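*Asks:* Compact mmCIF, N, CA and C atoms and all ligand atoms, file my_file30.txt:
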```txt
# COMPACT_ATOMS: atom_id res chain seq x y z
N MET A 218 81.03 86.09 42.27
CA MET A 218 82.18 85.41 41.71
C MET A 218 81.83 84.75 40.38
N SER A 219 80.55 84.87 39.92
CA SER A 219 80.17 84.18 38.70
C SER A 219 79.94 85.16 37.55
N ASP A 220 80.61 86.30 37.60
CA ASP A 220 80.44 87.27 36.53
C ASP A 220 81.46 87.09 35.40
N GLU A 221 82.12 85.95 35.38
CA GLU A 221 83.12 85.70 34.35
C GLU A 221 82.49 84.87 33.23
N SER A 222 83.05 85.02 32.05
CA SER A 222 82.42 84.36 30.92
C SER A 222 83.12 83.06 30.50
N THR A 223 84.20 82.70 31.22
CA THR A 223 84.88 81.46 30.88
C THR A 223 84.06 80.26 31.32
N PRO A 224 84.15 79.17 30.60
CA PRO A 224 83.46 77.95 31.05
C PRO A 224 84.00 77.49 32.39
N ASP A 225 83.14 76.97 33.25
CA ASP A 225 83.66 76.61 34.57
C ASP A 225 84.29 75.24 34.63
N GLU A 226 84.48 74.60 33.50
CA GLU A 226 85.15 73.31 33.60
C GLU A 226 86.62 73.46 34.01
N TYR A 227 87.23 74.60 33.73
CA TYR A 227 88.60 74.83 34.17
C TYR A 227 88.64 75.96 35.18
N PRO A 228 89.37 75.74 36.26
CA PRO A 228 89.53 76.85 37.20
C PRO A 228 90.39 77.95 36.57
N THR A 229 90.19 79.17 37.00
CA THR A 229 91.01 80.26 36.49
C THR A 229 91.70 80.95 37.65
N LEU A 230 92.84 81.52 37.36
CA LEU A 230 93.57 82.31 38.34
C LEU A 230 93.91 83.64 37.72
N THR A 231 93.94 84.66 38.54
CA THR A 231 94.34 85.96 38.05
C THR A 231 95.53 86.46 38.86
N CYS A 232 96.30 87.35 38.26
CA CYS A 232 97.39 87.99 38.99
C CYS A 232 97.36 89.47 38.64
N SER A 233 97.09 90.29 39.65
CA SER A 233 96.99 91.72 39.37
C SER A 233 98.36 92.33 39.14
N ARG A 234 99.41 91.72 39.68
CA ARG A 234 100.75 92.25 39.42
C ARG A 234 101.16 92.04 37.97
N CYS A 235 100.78 90.89 37.41
CA CYS A 235 101.10 90.61 36.00
C CYS A 235 100.01 91.13 35.09
N ASP A 236 98.88 91.54 35.68
CA ASP A 236 97.73 91.96 34.91
C ASP A 236 97.32 90.88 33.91
N CYS A 237 97.19 89.68 34.40
CA CYS A 237 96.92 88.53 33.55
C CYS A 237 95.91 87.63 34.21
N ARG A 238 95.21 86.84 33.39
CA ARG A 238 94.44 85.74 33.95
C ARG A 238 94.68 84.49 33.12
N TRP A 239 94.60 83.38 33.77
CA TRP A 239 94.87 82.12 33.10
C TRP A 239 93.76 81.14 33.45
N ASN A 240 93.39 80.30 32.51
CA ASN A 240 92.65 79.14 32.97
C ASN A 240 93.62 77.97 32.98
N LEU A 241 93.29 76.99 33.78
CA LEU A 241 94.27 75.96 34.08
C LEU A 241 94.13 74.73 33.19
N ALA A 242 93.65 74.94 31.97
CA ALA A 242 93.51 73.82 31.04
C ALA A 242 94.85 73.12 30.79
N TYR A 243 95.91 73.91 30.67
CA TYR A 243 97.23 73.32 30.42
C TYR A 243 97.65 72.41 31.58
N GLU A 244 97.50 72.93 32.81
CA GLU A 244 97.87 72.12 33.98
C GLU A 244 97.04 70.84 34.05
N LEU A 245 95.74 70.98 33.74
CA LEU A 245 94.86 69.82 33.87
C LEU A 245 95.03 68.84 32.73
N ASP A 246 95.16 69.36 31.51
CA ASP A 246 95.18 68.47 30.35
C ASP A 246 96.57 67.97 30.01
N GLU A 247 97.57 68.85 30.12
CA GLU A 247 98.93 68.45 29.73
C GLU A 247 99.71 67.89 30.89
N LEU A 248 99.64 68.54 32.02
CA LEU A 248 100.43 68.09 33.16
C LEU A 248 99.70 67.05 33.99
N GLN A 249 98.38 66.93 33.77
CA GLN A 249 97.61 65.90 34.47
C GLN A 249 97.76 66.00 35.99
N VAL A 250 97.70 67.22 36.51
CA VAL A 250 97.90 67.37 37.93
C VAL A 250 96.58 67.37 38.70
N GLY A 251 95.47 67.26 37.98
CA GLY A 251 94.18 67.07 38.64
C GLY A 251 93.85 68.18 39.62
N ASN A 252 93.43 67.80 40.81
CA ASN A 252 92.98 68.82 41.75
C ASN A 252 94.13 69.58 42.39
N ARG A 253 95.36 69.27 41.98
CA ARG A 253 96.49 70.08 42.44
C ARG A 253 96.85 71.14 41.43
N ALA A 254 96.01 71.36 40.42
CA ALA A 254 96.33 72.30 39.35
C ALA A 254 96.58 73.70 39.88
N VAL A 255 95.73 74.14 40.80
CA VAL A 255 95.89 75.49 41.33
C VAL A 255 97.20 75.60 42.11
N GLU A 256 97.46 74.59 42.91
CA GLU A 256 98.71 74.58 43.67
C GLU A 256 99.92 74.58 42.75
N GLN A 257 99.88 73.71 41.74
CA GLN A 257 100.98 73.62 40.80
C GLN A 257 101.20 74.95 40.09
N PHE A 258 100.10 75.56 39.65
CA PHE A 258 100.21 76.82 38.95
C PHE A 258 100.80 77.89 39.86
N ALA A 259 100.30 77.96 41.07
CA ALA A 259 100.75 79.00 41.99
C ALA A 259 102.22 78.85 42.33
N LEU A 260 102.66 77.62 42.55
CA LEU A 260 104.08 77.42 42.87
C LEU A 260 104.96 77.73 41.65
N ASP A 261 104.49 77.33 40.48
CA ASP A 261 105.23 77.67 39.26
C ASP A 261 105.29 79.19 39.06
N HIS A 262 104.17 79.85 39.31
CA HIS A 262 104.13 81.30 39.14
C HIS A 262 105.12 81.96 40.09
N HIS A 263 105.17 81.47 41.31
CA HIS A 263 106.12 82.02 42.28
C HIS A 263 107.56 81.74 41.85
N ARG A 264 107.79 80.54 41.35
CA ARG A 264 109.14 80.18 40.93
C ARG A 264 109.62 81.10 39.82
N HIS A 265 108.72 81.45 38.91
CA HIS A 265 109.14 82.22 37.76
C HIS A 265 109.06 83.73 37.97
N THR A 266 108.18 84.17 38.84
CA THR A 266 107.98 85.61 38.97
C THR A 266 108.32 86.15 40.36
N GLY A 267 108.43 85.26 41.34
CA GLY A 267 108.74 85.69 42.69
C GLY A 267 107.53 86.12 43.49
N HIS A 268 106.32 85.99 42.96
CA HIS A 268 105.13 86.31 43.73
C HIS A 268 104.02 85.32 43.38
N TYR A 269 102.96 85.35 44.18
CA TYR A 269 101.86 84.42 43.98
C TYR A 269 100.70 85.11 43.26
N PRO A 270 99.88 84.32 42.56
CA PRO A 270 98.68 84.89 41.95
C PRO A 270 97.73 85.43 43.01
N ASP A 271 96.73 86.17 42.58
CA ASP A 271 95.74 86.74 43.50
C ASP A 271 95.08 85.64 44.31
N ASP A 272 94.78 85.97 45.56
CA ASP A 272 94.05 85.07 46.45
C ASP A 272 94.81 83.81 46.81
N ILE A 273 96.08 83.76 46.50
CA ILE A 273 96.87 82.59 46.89
C ILE A 273 97.85 83.02 47.98
N THR A 274 97.69 82.46 49.14
CA THR A 274 98.63 82.73 50.22
C THR A 274 99.16 81.39 50.69
N PRO A 275 100.44 81.20 50.60
CA PRO A 275 100.97 79.88 50.92
C PRO A 275 101.17 79.66 52.42
N TRP A 276 101.24 78.42 52.79
CA TRP A 276 101.81 78.05 54.08
C TRP A 276 103.31 78.16 53.92
N VAL A 277 103.97 78.66 54.94
CA VAL A 277 105.41 78.79 54.84
C VAL A 277 106.06 78.08 56.01
N ALA A 278 106.99 77.19 55.70
CA ALA A 278 107.79 76.55 56.74
C ALA A 278 109.12 77.28 56.76
N ASP A 279 109.40 77.91 57.89
CA ASP A 279 110.57 78.77 57.98
C ASP A 279 111.47 78.28 59.11
N CYS A 280 112.57 77.66 58.73
CA CYS A 280 113.50 77.18 59.76
C CYS A 280 114.20 78.37 60.40
N GLN A 281 114.28 78.33 61.74
CA GLN A 281 114.91 79.44 62.44
C GLN A 281 116.44 79.42 62.30
N GLN A 282 116.97 78.31 61.81
CA GLN A 282 118.42 78.22 61.72
C GLN A 282 118.94 78.11 60.29
N CYS A 283 118.14 77.57 59.41
CA CYS A 283 118.56 77.48 58.02
C CYS A 283 118.04 78.70 57.26
N PRO A 284 118.78 79.15 56.26
CA PRO A 284 118.37 80.36 55.54
C PRO A 284 117.12 80.20 54.70
N GLU A 285 116.88 79.02 54.19
CA GLU A 285 115.78 78.93 53.23
C GLU A 285 114.42 78.75 53.89
N THR A 286 113.39 79.23 53.21
CA THR A 286 112.02 78.98 53.63
C THR A 286 111.35 78.19 52.52
N GLU A 287 110.41 77.35 52.92
CA GLU A 287 109.74 76.51 51.93
C GLU A 287 108.26 76.85 51.89
N PRO A 288 107.77 77.26 50.73
CA PRO A 288 106.35 77.53 50.62
C PRO A 288 105.56 76.29 50.21
N PHE A 289 104.36 76.16 50.75
CA PHE A 289 103.46 75.07 50.38
C PHE A 289 102.06 75.64 50.29
N LEU A 290 101.26 75.07 49.43
CA LEU A 290 99.91 75.61 49.32
C LEU A 290 98.90 74.92 50.21
N THR A 291 99.29 73.83 50.81
CA THR A 291 98.36 73.17 51.73
C THR A 291 99.08 72.84 53.02
N GLU A 292 98.30 72.63 54.05
CA GLU A 292 98.89 72.44 55.36
C GLU A 292 99.68 71.15 55.46
N ARG A 293 99.16 70.11 54.84
CA ARG A 293 99.75 68.80 55.06
C ARG A 293 101.23 68.70 54.71
N PRO A 294 101.61 69.05 53.46
CA PRO A 294 103.03 68.97 53.14
C PRO A 294 103.86 69.98 53.94
N ALA A 295 103.28 71.12 54.25
CA ALA A 295 104.01 72.12 55.04
C ALA A 295 104.32 71.57 56.43
N ASN A 296 103.30 70.99 57.01
CA ASN A 296 103.44 70.41 58.33
C ASN A 296 104.44 69.26 58.31
N ARG A 297 104.33 68.45 57.28
CA ARG A 297 105.22 67.31 57.15
C ARG A 297 106.67 67.78 57.00
N PHE A 298 106.88 68.81 56.18
CA PHE A 298 108.22 69.34 56.00
C PHE A 298 108.77 69.84 57.33
N ALA A 299 107.96 70.60 58.05
CA ALA A 299 108.40 71.18 59.31
C ALA A 299 108.78 70.08 60.31
N ARG A 300 107.92 69.09 60.39
CA ARG A 300 108.18 68.01 61.35
C ARG A 300 109.41 67.18 60.98
N THR A 301 109.52 66.85 59.71
CA THR A 301 110.68 66.05 59.29
C THR A 301 111.96 66.84 59.47
N HIS A 302 111.92 68.12 59.13
CA HIS A 302 113.13 68.93 59.27
C HIS A 302 113.53 69.00 60.74
N ALA A 303 112.56 69.23 61.60
CA ALA A 303 112.85 69.30 63.03
C ALA A 303 113.38 67.96 63.55
N ARG A 304 112.79 66.91 63.05
CA ARG A 304 113.19 65.57 63.49
C ARG A 304 114.63 65.25 63.13
N HIS A 305 115.02 65.65 61.93
CA HIS A 305 116.36 65.30 61.47
C HIS A 305 117.42 66.27 61.97
N THR A 306 117.05 67.52 62.11
CA THR A 306 118.08 68.52 62.40
C THR A 306 117.99 69.08 63.81
N HIS A 307 116.86 68.80 64.49
CA HIS A 307 116.59 69.39 65.81
C HIS A 307 116.53 70.91 65.73
N HIS A 308 116.19 71.41 64.56
CA HIS A 308 115.97 72.85 64.44
C HIS A 308 114.51 73.15 64.76
N ALA A 309 114.25 74.34 65.21
CA ALA A 309 112.87 74.79 65.37
C ALA A 309 112.41 75.37 64.04
N VAL A 310 111.26 74.93 63.59
CA VAL A 310 110.73 75.40 62.31
C VAL A 310 109.42 76.12 62.57
N GLU A 311 109.32 77.33 62.07
CA GLU A 311 108.09 78.08 62.23
C GLU A 311 107.18 77.78 61.05
N LEU A 312 105.95 77.41 61.36
CA LEU A 312 104.98 77.08 60.32
C LEU A 312 103.94 78.19 60.32
N ARG A 313 103.91 78.97 59.23
CA ARG A 313 102.97 80.08 59.17
C ARG A 313 101.82 79.74 58.25
N SER A 314 100.61 79.84 58.77
CA SER A 314 99.44 79.53 57.96
C SER A 314 98.98 80.77 57.22
N PRO A 315 98.20 80.57 56.14
CA PRO A 315 97.68 81.71 55.40
C PRO A 315 96.80 82.61 56.24
N ASP A 316 96.19 82.07 57.28
CA ASP A 316 95.34 82.89 58.15
C ASP A 316 96.16 83.64 59.17
N SER A 317 97.49 83.63 58.99
CA SER A 317 98.42 84.39 59.81
C SER A 317 98.68 83.77 61.17
N GLY A 318 98.07 82.64 61.47
CA GLY A 318 98.46 81.94 62.69
C GLY A 318 99.82 81.34 62.47
N SER A 319 100.60 81.16 63.51
CA SER A 319 101.87 80.50 63.31
C SER A 319 102.15 79.53 64.44
N THR A 320 102.78 78.44 64.07
CA THR A 320 103.09 77.40 65.03
C THR A 320 104.58 77.16 64.93
N VAL A 321 105.21 76.94 66.05
CA VAL A 321 106.61 76.57 65.96
C VAL A 321 106.72 75.08 66.25
N VAL A 322 107.25 74.39 65.25
CA VAL A 322 107.48 72.96 65.41
C VAL A 322 108.90 72.79 65.90
N THR A 323 109.02 72.23 67.09
CA THR A 323 110.36 72.11 67.65
C THR A 323 110.92 70.73 67.45
N ALA A 324 112.14 70.57 67.87
CA ALA A 324 112.84 69.32 67.64
C ALA A 324 112.13 68.14 68.29
N ALA A 325 112.40 66.98 67.75
CA ALA A 325 111.70 65.76 68.14
C ALA A 325 111.74 65.49 69.64
N GLU A 326 112.87 65.77 70.27
CA GLU A 326 113.00 65.42 71.67
C GLU A 326 112.07 66.26 72.56
N ARG A 327 111.53 67.34 71.99
CA ARG A 327 110.65 68.16 72.80
C ARG A 327 109.21 68.06 72.33
N GLU A 328 108.91 67.11 71.48
CA GLU A 328 107.58 67.11 70.89
C GLU A 328 106.48 66.73 71.87
N HIS A 329 106.83 66.10 72.99
CA HIS A 329 105.81 65.76 73.97
C HIS A 329 105.55 66.92 74.93
N ASP A 330 106.41 67.88 74.91
CA ASP A 330 106.24 69.05 75.76
C ASP A 330 105.42 70.08 74.98
N SER A 331 104.11 70.02 75.13
CA SER A 331 103.26 70.86 74.29
C SER A 331 102.63 72.01 75.06
N ARG A 332 103.30 72.44 76.13
CA ARG A 332 102.78 73.63 76.82
C ARG A 332 102.81 74.81 75.88
N PRO A 333 101.82 75.68 75.94
CA PRO A 333 101.85 76.87 75.08
C PRO A 333 103.04 77.75 75.45
N ARG A 334 103.72 78.25 74.46
CA ARG A 334 104.89 79.11 74.60
C ARG A 334 106.07 78.35 75.15
ZN ZN B 1 102.06 87.41 38.61
ZN ZN B 2 117.00 73.95 59.70
```
Turn this file's structure into structure tokens for me.
*Replies:*
Amino acid sequence: MSDESTPDEYPTLTCSRCDCRWNLAYELDELQVGNRAVEQFALDHHRHTGHYPDDITPWVADCQQCPETEPFLTERPANRFARTHARHTHHAVELRSPDSGSTVVTAAEREHDSRPR
């Protein structure tokens, strides 16, 4: 992974669909997003192009009743979204991890019932 000639002070991302690579100097220096630079870039890339850069697989919170799905790059906000949505709407929300495991977060009234399936 160290055969690249860019300085390692900035992380880089590539996208084979766009045939492009970027270093994240803009995100770090202009947007000041710090260690969320990769996440910010990936979500922006998805927003503008409809796909994610290479090696980026999001967590997806997918409500079984609402049409929209919400992508997140880390578990914490994804989990939080799923739980809050279930809490407020009593909808079951499927939380899919990048490793392809999936959890269904159910409505608040059933949260103590944690039997598998
Ligand atoms: Zn792309
Ligand atoms: Zn819903």
*Asks:* How close does chain A get to ligand ZN 1 (chain B)? List, as JSON lines, each residue of chain A within 8 Å, its nearest atom pair and the distance in Å to one decimal, counting all atoms listed in the file.
*Replies:*
```
{"residue": "A:Thr231", "atom": "C", "partner": "B:ZN1", "partner_atom": "ZN", "distance": 6.6}
{"residue": "A:Cys232", "atom": "CA", "partner": "B:ZN1", "partner_atom": "ZN", "distance": 4.7}
{"residue": "A:Ser233", "atom": "N", "partner": "B:ZN1", "partner_atom": "ZN", "distance": 5.8}
{"residue": "A:Arg234", "atom": "C", "partner": "B:ZN1", "partner_atom": "ZN", "distance": 4.8}
{"residue": "A:Cys235", "atom": "N", "partner": "B:ZN1", "partner_atom": "ZN", "distance": 3.9}
{"residue": "A:Asp236", "atom": "N", "partner": "B:ZN1", "partner_atom": "ZN", "distance": 6.0}
{"residue": "A:Cys237", "atom": "N", "partner": "B:ZN1", "partner_atom": "ZN", "distance": 6.8}
{"residue": "A:His262", "atom": "C", "partner": "B:ZN1", "partner_atom": "ZN", "distance": 6.4}
{"residue": "A:His263", "atom": "N", "partner": "B:ZN1", "partner_atom": "ZN", "distance": 7.2}
{"residue": "A:His265", "atom": "C", "partner": "B:ZN1", "partner_atom": "ZN", "distance": 7.9}
{"residue": "A:Thr266", "atom": "CA", "partner": "B:ZN1", "partner_atom": "ZN", "distance": 6.2}
{"residue": "A:Gly267", "atom": "N", "partner": "B:ZN1", "partner_atom": "ZN", "distance": 7.3}
{"residue": "A:His268", "atom": "C", "partner": "B:ZN1", "partner_atom": "ZN", "distance": 5.6}
{"residue": "A:Tyr269", "atom": "C", "partner": "B:ZN1", "partner_atom": "ZN", "distance": 5.4}
{"residue": "A:Pro270", "atom": "CA", "partner": "B:ZN1", "partner_atom": "ZN", "distance": 5.4}
{"residue": "A:Asp271", "atom": "N", "partner": "B:ZN1", "partner_atom": "ZN", "distance": 6.8}
```
*Asks:* Restricted to N, CA and C atoms, what would the selected residues look like written as a short mmCIF file (atom, residue, chain, number, x, y, z; two decimals), in the coordinates of the input?
*Replies:*
```cif
data_model
loop_
_atom_site.label_atom_id
_atom_site.label_comp_id
_atom_site.auth_asym_id
_atom_site.auth_seq_id
_atom_site.Cartn_x
_atom_site.Cartn_y
_atom_site.Cartn_z
N THR A 231 93.94 84.66 38.54
CA THR A 231 94.34 85.96 38.05
C THR A 231 95.53 86.46 38.86
N CYS A 232 96.30 87.35 38.26
CA CYS A 232 97.39 87.99 38.99
C CYS A 232 97.36 89.47 38.64
N SER A 233 97.09 90.29 39.65
CA SER A 233 96.99 91.72 39.37
C SER A 233 98.36 92.33 39.14
N ARG A 234 99.41 91.72 39.68
CA ARG A 234 100.75 92.25 39.42
C ARG A 234 101.16 92.04 37.97
N CYS A 235 100.78 90.89 37.41
CA CYS A 235 101.10 90.61 36.00
C CYS A 235 100.01 91.13 35.09
N ASP A 236 98.88 91.54 35.68
CA ASP A 236 97.73 91.96 34.91
C ASP A 236 97.32 90.88 33.91
N CYS A 237 97.19 89.68 34.40
CA CYS A 237 96.92 88.53 33.55
C CYS A 237 95.91 87.63 34.21
N HIS A 262 104.17 79.85 39.31
CA HIS A 262 104.13 81.30 39.14
C HIS A 262 105.12 81.96 40.09
N HIS A 263 105.17 81.47 41.31
CA HIS A 263 106.12 82.02 42.28
C HIS A 263 107.56 81.74 41.85
N HIS A 265 108.72 81.45 38.91
CA HIS A 265 109.14 82.22 37.76
C HIS A 265 109.06 83.73 37.97
N THR A 266 108.18 84.17 38.84
CA THR A 266 107.98 85.61 38.97
C THR A 266 108.32 86.15 40.36
N GLY A 267 108.43 85.26 41.34
CA GLY A 267 108.74 85.69 42.69
C GLY A 267 107.53 86.12 43.49
N HIS A 268 106.32 85.99 42.96
CA HIS A 268 105.13 86.31 43.73
C HIS A 268 104.02 85.32 43.38
N TYR A 269 102.96 85.35 44.18
CA TYR A 269 101.86 84.42 43.98
C TYR A 269 100.70 85.11 43.26
N PRO A 270 99.88 84.32 42.56
CA PRO A 270 98.68 84.89 41.95
C PRO A 270 97.73 85.43 43.01
N ASP A 271 96.73 86.17 42.58
CA ASP A 271 95.74 86.74 43.50
C ASP A 271 95.08 85.64 44.31
#
```
*Asks:* Would you mind listing, for every residue of chain A within 5 Å of ligand ZN 2 (chain B), the two atoms forming the shortest contact and the distance between them in Å to one decimal, using all atoms listed in the file, sorted by chain and ascending residue number, as JSON lines?
*Replies:*
```
{"residue": "A:Cys280", "atom": "CA", "partner": "B:ZN2", "partner_atom": "ZN", "distance": 4.8}
{"residue": "A:Gln282", "atom": "C", "partner": "B:ZN2", "partner_atom": "ZN", "distance": 4.6}
{"residue": "A:Cys283", "atom": "N", "partner": "B:ZN2", "partner_atom": "ZN", "distance": 3.8}
{"residue": "A:His308", "atom": "CA", "partner": "B:ZN2", "partner_atom": "ZN", "distance": 5.0}
```
*Asks:* Where does DSSP see strand (DSSP E or B) in chain A, if you list the residues as a PyMOL selection string?
*Replies:* chain A and resi 229-232+237-240+276-280+286-289+310-313+319-322
*Asks:* Find the distance between atom CA of Ala259 of chain A and atom CA of Ile273 of chain A and write it in Å to one decimal.
*Replies:*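 For atom CA of Ala259 of chain A relative to atom CA of Ile273 of chain A, the distance reads 7.2 Å.
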*Asks:* Go through A:Asn252, A:Asp261, A:Ala278, A:Pro284 one by one, measure the shortest atom-to-atom distance of each to Ala299 of chain A using all atoms listed in the file, and give the residue with the smallest value.
*Replies:*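 Selected residue with least distance to Ala299 of chain A: A:Ala278.
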*Asks:* Excluding segment 318-323 of chain A and its own-chain neighbours fewer than 5 positions away, which residues fall within 7 Å of it when counting only N, CA and C atoms? Please give them as a PyMOL selection string.
*Replies:* chain A and resi 299-300+303-304+307-313+328
*Asks:* So which one's closest to Pro315 of chain A, A:Thr291, A:Leu248, A:Glu285, A:Thr229? Using only C-alpha atoms, please.
*Replies:*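 Looking only at the distances to Pro315 of chain A, the closest residue turns out to be A:Thr291.
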*Asks:* How many Å lie between atom N of Asp279 of chain A and atom CA of Ser317 of chain A, rounded to one decimal?
*Replies:*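 Rounded to one decimal, the two atoms are 12.9 Å apart.
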*Asks:* What is the distance, in Å and to one decimal place, between atom CA of Ala254 of chain A and atom CA of Trp239 of chain A?
*Replies:*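 Value for the atom CA of Ala254 of chain A-atom CA of Trp239 of chain A distance: 11.7 Å.
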